[in-house]
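Notes follow once the structure below has been shown.
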Amino acid sequence: MRSENTFGVRYALRQNKNKRKDYSVYARIACNNSPERELTIKGSFQLENWDAEKGGPYLTSKELKEFATYLEKVKSKLTGIFQDLELKEGVLTAENIKNCYLGIGPDIQKVTMLQLCKIAYEKFKTEIKKGSIKNYGATNGYVERYCKWKYAAGDIPLRHLNFNFIDGLYTYILQNPIKPNDPCNKNGAMKHMERVKKMVKWAGKNGWCEKDALSDFSVNFRRKETEYLTWEQLRIVEDVILVNPIHKLVRAIFVFCCYTGMAPIDVQSLQPGQLSTDINGNIWMTYTRVKSEIPAWVPLLEKAKEIIQEYGLEAGASYRETVFHYVSNKVLNDNLKVIGLICGFSVELHPYMARHTFGTTVTMQLGVPPEVVQIMMGHEKLATTMIYARVGNPLVLMYMQRVQQKINSGQTLGMQGINEEQFALLLEQIAPNVLEKVFTTVLMPKLMEIIDTSPKIKNPVLHLEYEEIGR
């Protein structure tokens, strides 16, 4: 049976950037449609000893003949690696063949999905945050369970990855949660797919599989509107009577985030040195977000100042490095739920609700431009900030009340109620401007076009007289 794979090795010269300006011999490896890769075979080679037509050295001396034999051995070894990879269903790319020849990299004879998960986990462990690497561990757990359930060998070579693999994995995650009472929803499953695609894309760049082997699968998240507090609800949280000291501390941190837009992990690491006072006495908070490493600048509102004075770092206290006492995420979440019940809310309070309250209620609904909110919230893109640009029920009601007032006063232009006097006045005001605009933007270009396309006449008056005389 004829193989559909392609392979080739050719030799070429390249001038070196040294004082001698000599040449080096390279072996160029081509395999299927993967990018070519080069191997350095010999340096300090002279151009006059190379036969460009045959792609090898002239056989004019004993040394050149021995070098030609060596080139044939290198080509044979590379060909043997290609045939071995093809026989063992390895990843057939020029990069893999080169790595096998040099003996570097992982065992790429037959890299599998589970091997990739382990390699990628060790790589990302030093590059991303602790919480994110924990999520990769959960993703790898799903991949391992899926492979053992679907494949007899309990694994799959990267070369065989396709749309069916990732689509089946997505369905499996939805139907087979790791925790029986905690099923994964659509967005959660899509996050796992996002991580799998990232690992496979990285493997493709390393030459272990086809680049974008899973590109046919699109990651689509179902947008979920995060709740935020209205001013009335925020006042209730501020004024509700709490007895438990931990409830008071959690409320203080939550309300502080409502007036500053800080995320829970950022407020926990806020240090006294990140608070400064300008020449006008305004207190500024400058910090770098843990999630995106983007700086944010926030001038503190009065409520935020009061909270710092009451719960912040005491004067002269050297036993704490952060402004607020540390509260774990679990304690923060659990106590916010209790506070929400005490306030009588129908929705559960959670830490990120404070950040959305700042972005929507405290800033944008009071007229703060999105570009300014972007700086205070530490967003890299303005599109992220625009998620918080929600009008809210009070503004919707205000505009609809204005509509009702216009209807009641007869200020309508419609089939059922038309104020002819106002319409005539409006027409009288805009008609001259409209006609002038139409003439300059529509009629004049058309007239100029007609003049430009008509026969050129040096003197139209003399031409007319000539025609009349002719008659």
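So you can find residues: chains in the structure tokens are A, B, ... in the order shown, residues in each start at 1, and ligands are numbered from 1 in order.
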From range 196-356 of chain A, collect each residue whose DSSP state is alpha helix (DSSP H) and return the set as a PyMOL selection string.
chain A and resi 196-205+231-239+245-260+264-268+302-311+329-343+351-356
Please produce a file of the residues just selected, as a PDB file, in the first residue's frame, where the atoms kept are C-alpha atoms.
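Writing the result to part.pdb gives the following:
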```pdb
ATOM      1  CA  VAL A 196      -7.481  21.158  26.525  1.00  0.00           C
ATOM      2  CA  LYS A 197      -7.232  23.268  23.364  1.00  0.00           C
ATOM      3  CA  LYS A 198      -4.456  25.353  24.921  1.00  0.00           C
ATOM      4  CA  MET A 199      -2.436  22.239  25.779  1.00  0.00           C
ATOM      5  CA  VAL A 200      -2.895  20.716  22.321  1.00  0.00           C
ATOM      6  CA  LYS A 201      -2.010  24.009  20.626  1.00  0.00           C
ATOM      7  CA  TRP A 202       1.186  24.140  22.659  1.00  0.00           C
ATOM      8  CA  ALA A 203       1.927  20.539  21.641  1.00  0.00           C
ATOM      9  CA  GLY A 204       1.433  21.542  18.002  1.00  0.00           C
ATOM     10  CA  LYS A 205       4.001  24.319  18.352  1.00  0.00           C
ATOM     11  CA  TRP A 231     -28.062  51.909  46.241  1.00  0.00           C
ATOM     12  CA  GLU A 232     -30.974  50.828  48.432  1.00  0.00           C
ATOM     13  CA  GLN A 233     -29.488  47.328  48.860  1.00  0.00           C
ATOM     14  CA  LEU A 234     -26.014  48.703  49.524  1.00  0.00           C
ATOM     15  CA  ARG A 235     -27.412  50.958  52.266  1.00  0.00           C
ATOM     16  CA  ILE A 236     -29.100  47.949  53.856  1.00  0.00           C
ATOM     17  CA  VAL A 237     -25.793  46.047  53.946  1.00  0.00           C
ATOM     18  CA  GLU A 238     -24.049  49.074  55.469  1.00  0.00           C
ATOM     19  CA  ASP A 239     -26.702  49.734  58.147  1.00  0.00           C
ATOM     20  CA  PRO A 245     -17.049  40.212  64.899  1.00  0.00           C
ATOM     21  CA  ILE A 246     -16.239  38.083  61.825  1.00  0.00           C
ATOM     22  CA  HIS A 247     -19.510  39.218  60.215  1.00  0.00           C
ATOM     23  CA  LYS A 248     -18.509  42.823  60.814  1.00  0.00           C
ATOM     24  CA  LEU A 249     -15.049  42.312  59.301  1.00  0.00           C
ATOM     25  CA  VAL A 250     -16.452  40.492  56.253  1.00  0.00           C
ATOM     26  CA  ARG A 251     -19.023  43.250  55.741  1.00  0.00           C
ATOM     27  CA  ALA A 252     -16.295  45.890  55.986  1.00  0.00           C
ATOM     28  CA  ILE A 253     -14.187  44.153  53.321  1.00  0.00           C
ATOM     29  CA  PHE A 254     -17.239  43.665  51.067  1.00  0.00           C
ATOM     30  CA  VAL A 255     -18.421  47.287  51.345  1.00  0.00           C
ATOM     31  CA  PHE A 256     -14.846  48.524  50.823  1.00  0.00           C
ATOM     32  CA  CYS A 257     -14.771  46.564  47.543  1.00  0.00           C
ATOM     33  CA  CYS A 258     -18.144  48.084  46.588  1.00  0.00           C
ATOM     34  CA  TYR A 259     -16.583  51.559  46.807  1.00  0.00           C
ATOM     35  CA  THR A 260     -13.201  50.683  45.255  1.00  0.00           C
ATOM     36  CA  PRO A 264     -11.326  39.583  46.800  1.00  0.00           C
ATOM     37  CA  ILE A 265      -7.763  38.395  46.191  1.00  0.00           C
ATOM     38  CA  ASP A 266      -6.594  41.980  45.634  1.00  0.00           C
ATOM     39  CA  VAL A 267      -8.124  43.399  48.810  1.00  0.00           C
ATOM     40  CA  GLN A 268      -6.581  40.563  50.839  1.00  0.00           C
ATOM     41  CA  GLU A 302     -15.455  58.839  51.952  1.00  0.00           C
ATOM     42  CA  LYS A 303     -17.017  55.478  52.864  1.00  0.00           C
ATOM     43  CA  ALA A 304     -13.844  53.636  51.875  1.00  0.00           C
ATOM     44  CA  LYS A 305     -11.771  56.034  54.004  1.00  0.00           C
ATOM     45  CA  GLU A 306     -14.021  55.399  57.003  1.00  0.00           C
ATOM     46  CA  ILE A 307     -13.634  51.627  56.655  1.00  0.00           C
ATOM     47  CA  ILE A 308      -9.841  51.871  56.502  1.00  0.00           C
ATOM     48  CA  GLN A 309      -9.805  54.030  59.617  1.00  0.00           C
ATOM     49  CA  GLU A 310     -12.068  51.610  61.483  1.00  0.00           C
ATOM     50  CA  TYR A 311     -10.822  48.207  60.299  1.00  0.00           C
ATOM     51  CA  ASN A 329     -12.201  32.754  50.509  1.00  0.00           C
ATOM     52  CA  LYS A 330     -14.321  30.097  52.219  1.00  0.00           C
ATOM     53  CA  VAL A 331     -14.860  32.266  55.295  1.00  0.00           C
ATOM     54  CA  LEU A 332     -15.623  35.249  53.057  1.00  0.00           C
ATOM     55  CA  ASN A 333     -18.164  33.335  50.971  1.00  0.00           C
ATOM     56  CA  ASP A 334     -19.872  31.590  53.889  1.00  0.00           C
ATOM     57  CA  ASN A 335     -20.272  34.740  55.976  1.00  0.00           C
ATOM     58  CA  LEU A 336     -21.506  36.821  53.036  1.00  0.00           C
ATOM     59  CA  LYS A 337     -24.310  34.318  52.540  1.00  0.00           C
ATOM     60  CA  VAL A 338     -25.275  34.722  56.190  1.00  0.00           C
ATOM     61  CA  ILE A 339     -25.173  38.520  55.903  1.00  0.00           C
ATOM     62  CA  GLY A 340     -27.392  38.333  52.823  1.00  0.00           C
ATOM     63  CA  LEU A 341     -29.948  36.298  54.766  1.00  0.00           C
ATOM     64  CA  ILE A 342     -29.837  38.779  57.647  1.00  0.00           C
ATOM     65  CA  CYS A 343     -30.478  41.607  55.149  1.00  0.00           C
ATOM     66  CA  PRO A 351     -17.485  38.600  46.829  1.00  0.00           C
ATOM     67  CA  TYR A 352     -17.509  39.502  43.125  1.00  0.00           C
ATOM     68  CA  MET A 353     -20.907  41.175  43.532  1.00  0.00           C
ATOM     69  CA  ALA A 354     -18.999  44.026  45.204  1.00  0.00           C
ATOM     70  CA  ARG A 355     -16.792  44.601  42.155  1.00  0.00           C
ATOM     71  CA  HIS A 356     -19.835  44.673  39.871  1.00  0.00           C
TER      72      HIS A 356
END
```
If we count only C-alpha atoms and set the cut-off at 12 Å, which residues sit around Ile119 in chain A, ignoring sequence neighbours fewer than 2 positions away in its own chain? Please answer as a list of chain:residue names.
A:Gly105, A:Pro106, A:Asp107, A:Val111, A:Thr112, A:Met113, A:Leu114, A:Gln115, A:Leu116, A:Cys117, A:Tyr121, A:Glu122, A:Lys123, A:Phe124, A:Lys125, A:Tyr136, A:Gly137, A:Asn140, A:Met199, A:Val200, A:Trp202, A:Ala203, A:Asn206
Env of range 59-75 of chain A: 9 Å cut, atoms = only C-alpha atoms, seq-sep filter 3 positions within chain, self excluded. Answer as a PyMOL selection string.
chain A and resi 8-11+27+41+49+56+78-80
Let me see the file: selected residues, C-alpha atoms, as a PDB file, in the first residue's frame.
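The file below, part.pdb, is the result:
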```
ATOM      1  CA  GLY A   8      12.805  14.451   1.908  1.00  0.00           C
ATOM      2  CA  VAL A   9      16.319  15.544   2.868  1.00  0.00           C
ATOM      3  CA  ARG A  10      18.460  17.962   0.885  1.00  0.00           C
ATOM      4  CA  TYR A  11      21.732  19.685   1.664  1.00  0.00           C
ATOM      5  CA  ALA A  27      20.540  19.244   6.109  1.00  0.00           C
ATOM      6  CA  ILE A  41      26.294  19.140   9.533  1.00  0.00           C
ATOM      7  CA  ASN A  49      34.280  22.635  -2.923  1.00  0.00           C
ATOM      8  CA  GLY A  56      26.864  17.813  -2.377  1.00  0.00           C
ATOM      9  CA  LEU A  78      16.949  10.488   8.972  1.00  0.00           C
ATOM     10  CA  THR A  79      15.067   8.272   6.524  1.00  0.00           C
ATOM     11  CA  GLY A  80      15.121   5.422   9.031  1.00  0.00           C
TER      12      GLY A  80
END
```
Exercise: Ala296 in chain A partners within 7 Å, only C-alpha atoms, chain neighbours under 2 positions left out, as a ChimeraX atom specification:
/A:286-288,294,298,375-378
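The interatomic distance for the pair CA of Glu194 in chain A and CA of His379 in chain A works out to 21.4 Å.
Rounded to one decimal, CA of Leu87 in chain A and CA of Glu4 in chain A lie 12.8 Å from each other.
Going from CA of Ile133 in chain A to CA of Ile178 in chain A covers 17.4 Å.
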Which polymer residues have any atom within 8 Å of an atom of Thr357 in chain A, counting only C-alpha atoms, with same-chain residues fewer than 5 positions away left out, as a PyMOL selection string?
chain A and resi 228-230+258+261+362
So that I can check the surroundings of Leu13 in chain A, please list as an mmCIF file with N, CA, C and O atoms, in the first residue's frame every protein, DNA and RNA residue that reaches within 9 Å of it, counting only C-alpha atoms and ignoring chain neighbours fewer than 5 positions away.
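New file selection-v3.cif:
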```
data_model
loop_
_atom_site.group_PDB
_atom_site.id
_atom_site.type_symbol
_atom_site.label_atom_id
_atom_site.label_comp_id
_atom_site.auth_asym_id
_atom_site.auth_seq_id
_atom_site.Cartn_x
_atom_site.Cartn_y
_atom_site.Cartn_z
ATOM 1 N N TYR A 23 31.430 28.997 4.881
ATOM 2 C CA TYR A 23 30.073 28.466 4.758
ATOM 3 C C TYR A 23 29.889 27.263 5.688
ATOM 4 O O TYR A 23 30.860 26.630 6.104
ATOM 5 N N SER A 24 28.627 26.975 5.992
ATOM 6 C CA SER A 24 28.260 25.778 6.747
ATOM 7 C C SER A 24 27.305 24.938 5.922
ATOM 8 O O SER A 24 26.493 25.473 5.149
ATOM 9 N N VAL A 25 27.384 23.627 6.098
ATOM 10 C CA VAL A 25 26.506 22.697 5.388
ATOM 11 C C VAL A 25 25.332 22.350 6.300
ATOM 12 O O VAL A 25 25.528 21.996 7.465
ATOM 13 N N TYR A 26 24.129 22.474 5.758
ATOM 14 C CA TYR A 26 22.909 22.188 6.507
ATOM 15 C C TYR A 26 22.121 21.081 5.809
ATOM 16 O O TYR A 26 22.083 21.011 4.573
ATOM 17 N N PHE A 45 33.169 25.390 5.723
ATOM 18 C CA PHE A 45 33.224 24.732 4.417
ATOM 19 C C PHE A 45 33.458 25.804 3.352
ATOM 20 O O PHE A 45 32.888 26.906 3.425
ATOM 21 N N LEU A 47 33.247 27.409 -0.414
ATOM 22 C CA LEU A 47 32.247 27.419 -1.485
ATOM 23 C C LEU A 47 32.737 26.705 -2.737
ATOM 24 O O LEU A 47 31.953 26.022 -3.422
ATOM 25 N N TRP A 50 31.868 22.924 -3.266
ATOM 26 C CA TRP A 50 30.472 22.479 -3.231
ATOM 27 C C TRP A 50 29.867 22.460 -4.632
ATOM 28 O O TRP A 50 29.976 23.435 -5.389
ATOM 29 N N ALA A 52 26.678 22.794 -6.459
ATOM 30 C CA ALA A 52 25.327 23.289 -6.202
ATOM 31 C C ALA A 52 24.275 22.485 -6.957
ATOM 32 O O ALA A 52 23.151 22.317 -6.472
ATOM 33 N N GLY A 55 23.936 19.185 -5.096
ATOM 34 C CA GLY A 55 23.647 19.348 -3.676
ATOM 35 C C GLY A 55 24.583 18.565 -2.800
ATOM 36 O O GLY A 55 24.148 17.960 -1.799
#
```
Would you please give, as a PyMOL selection string, all residues of range 224-300 of chain A that DSSP assigns to strand (DSSP E) based on the backbone?
chain A and resi 275-277+283-288+295-299
Export, as an mmCIF file, in the first residue's frame, the selected residues with N, CA, C and O atoms.
```cif
data_model
loop_
_atom_site.group_PDB
_atom_site.id
_atom_site.type_symbol
_atom_site.label_atom_id
_atom_site.label_comp_id
_atom_site.auth_asym_id
_atom_site.auth_seq_id
_atom_site.Cartn_x
_atom_site.Cartn_y
_atom_site.Cartn_z
ATOM 1 N N LEU A 275 -1.329 52.879 49.625
ATOM 2 C CA LEU A 275 -2.205 54.018 49.883
ATOM 3 C C LEU A 275 -1.334 55.262 50.018
ATOM 4 O O LEU A 275 -0.350 55.273 50.773
ATOM 5 N N SER A 276 -1.682 56.312 49.278
ATOM 6 C CA SER A 276 -0.898 57.544 49.307
ATOM 7 C C SER A 276 -1.833 58.744 49.279
ATOM 8 O O SER A 276 -2.993 58.643 48.852
ATOM 9 N N THR A 277 -1.317 59.887 49.736
ATOM 10 C CA THR A 277 -2.100 61.124 49.781
ATOM 11 C C THR A 277 -1.442 62.166 48.891
ATOM 12 O O THR A 277 -0.222 62.384 48.969
ATOM 13 N N ILE A 283 -6.825 60.699 49.133
ATOM 14 C CA ILE A 283 -6.155 59.405 49.338
ATOM 15 C C ILE A 283 -6.344 58.548 48.095
ATOM 16 O O ILE A 283 -7.473 58.312 47.650
ATOM 17 N N TRP A 284 -5.218 58.088 47.522
ATOM 18 C CA TRP A 284 -5.227 57.239 46.324
ATOM 19 C C TRP A 284 -4.796 55.828 46.700
ATOM 20 O O TRP A 284 -3.926 55.629 47.547
ATOM 21 N N MET A 285 -5.417 54.876 46.038
ATOM 22 C CA MET A 285 -5.041 53.474 46.190
ATOM 23 C C MET A 285 -4.471 52.996 44.861
ATOM 24 O O MET A 285 -5.152 53.033 43.829
ATOM 25 N N THR A 286 -3.226 52.586 44.862
ATOM 26 C CA THR A 286 -2.552 52.121 43.653
ATOM 27 C C THR A 286 -2.097 50.686 43.872
ATOM 28 O O THR A 286 -1.363 50.402 44.822
ATOM 29 N N TYR A 287 -2.525 49.793 43.013
ATOM 30 C CA TYR A 287 -2.157 48.385 43.167
ATOM 31 C C TYR A 287 -2.141 47.709 41.805
ATOM 32 O O TYR A 287 -2.636 48.254 40.809
ATOM 33 N N THR A 288 -1.568 46.530 41.754
ATOM 34 C CA THR A 288 -1.530 45.718 40.537
ATOM 35 C C THR A 288 -2.395 44.493 40.748
ATOM 36 O O THR A 288 -2.211 43.769 41.732
ATOM 37 N N PRO A 295 -2.027 47.402 36.373
ATOM 38 C CA PRO A 295 -2.164 48.373 37.478
ATOM 39 C C PRO A 295 -3.520 49.054 37.490
ATOM 40 O O PRO A 295 -4.182 49.177 36.445
ATOM 41 N N ALA A 296 -3.957 49.486 38.665
ATOM 42 C CA ALA A 296 -5.219 50.215 38.834
ATOM 43 C C ALA A 296 -4.979 51.375 39.790
ATOM 44 O O ALA A 296 -4.197 51.253 40.742
ATOM 45 N N TRP A 297 -5.648 52.504 39.528
ATOM 46 C CA TRP A 297 -5.546 53.699 40.374
ATOM 47 C C TRP A 297 -6.953 54.111 40.779
ATOM 48 O O TRP A 297 -7.824 54.318 39.917
ATOM 49 N N VAL A 298 -7.188 54.212 42.064
ATOM 50 C CA VAL A 298 -8.521 54.539 42.564
ATOM 51 C C VAL A 298 -8.415 55.617 43.650
ATOM 52 O O VAL A 298 -7.774 55.374 44.686
ATOM 53 N N PRO A 299 -9.025 56.794 43.447
ATOM 54 C CA PRO A 299 -9.139 57.756 44.553
ATOM 55 C C PRO A 299 -10.252 57.309 45.488
ATOM 56 O O PRO A 299 -11.370 57.007 45.042
#
```
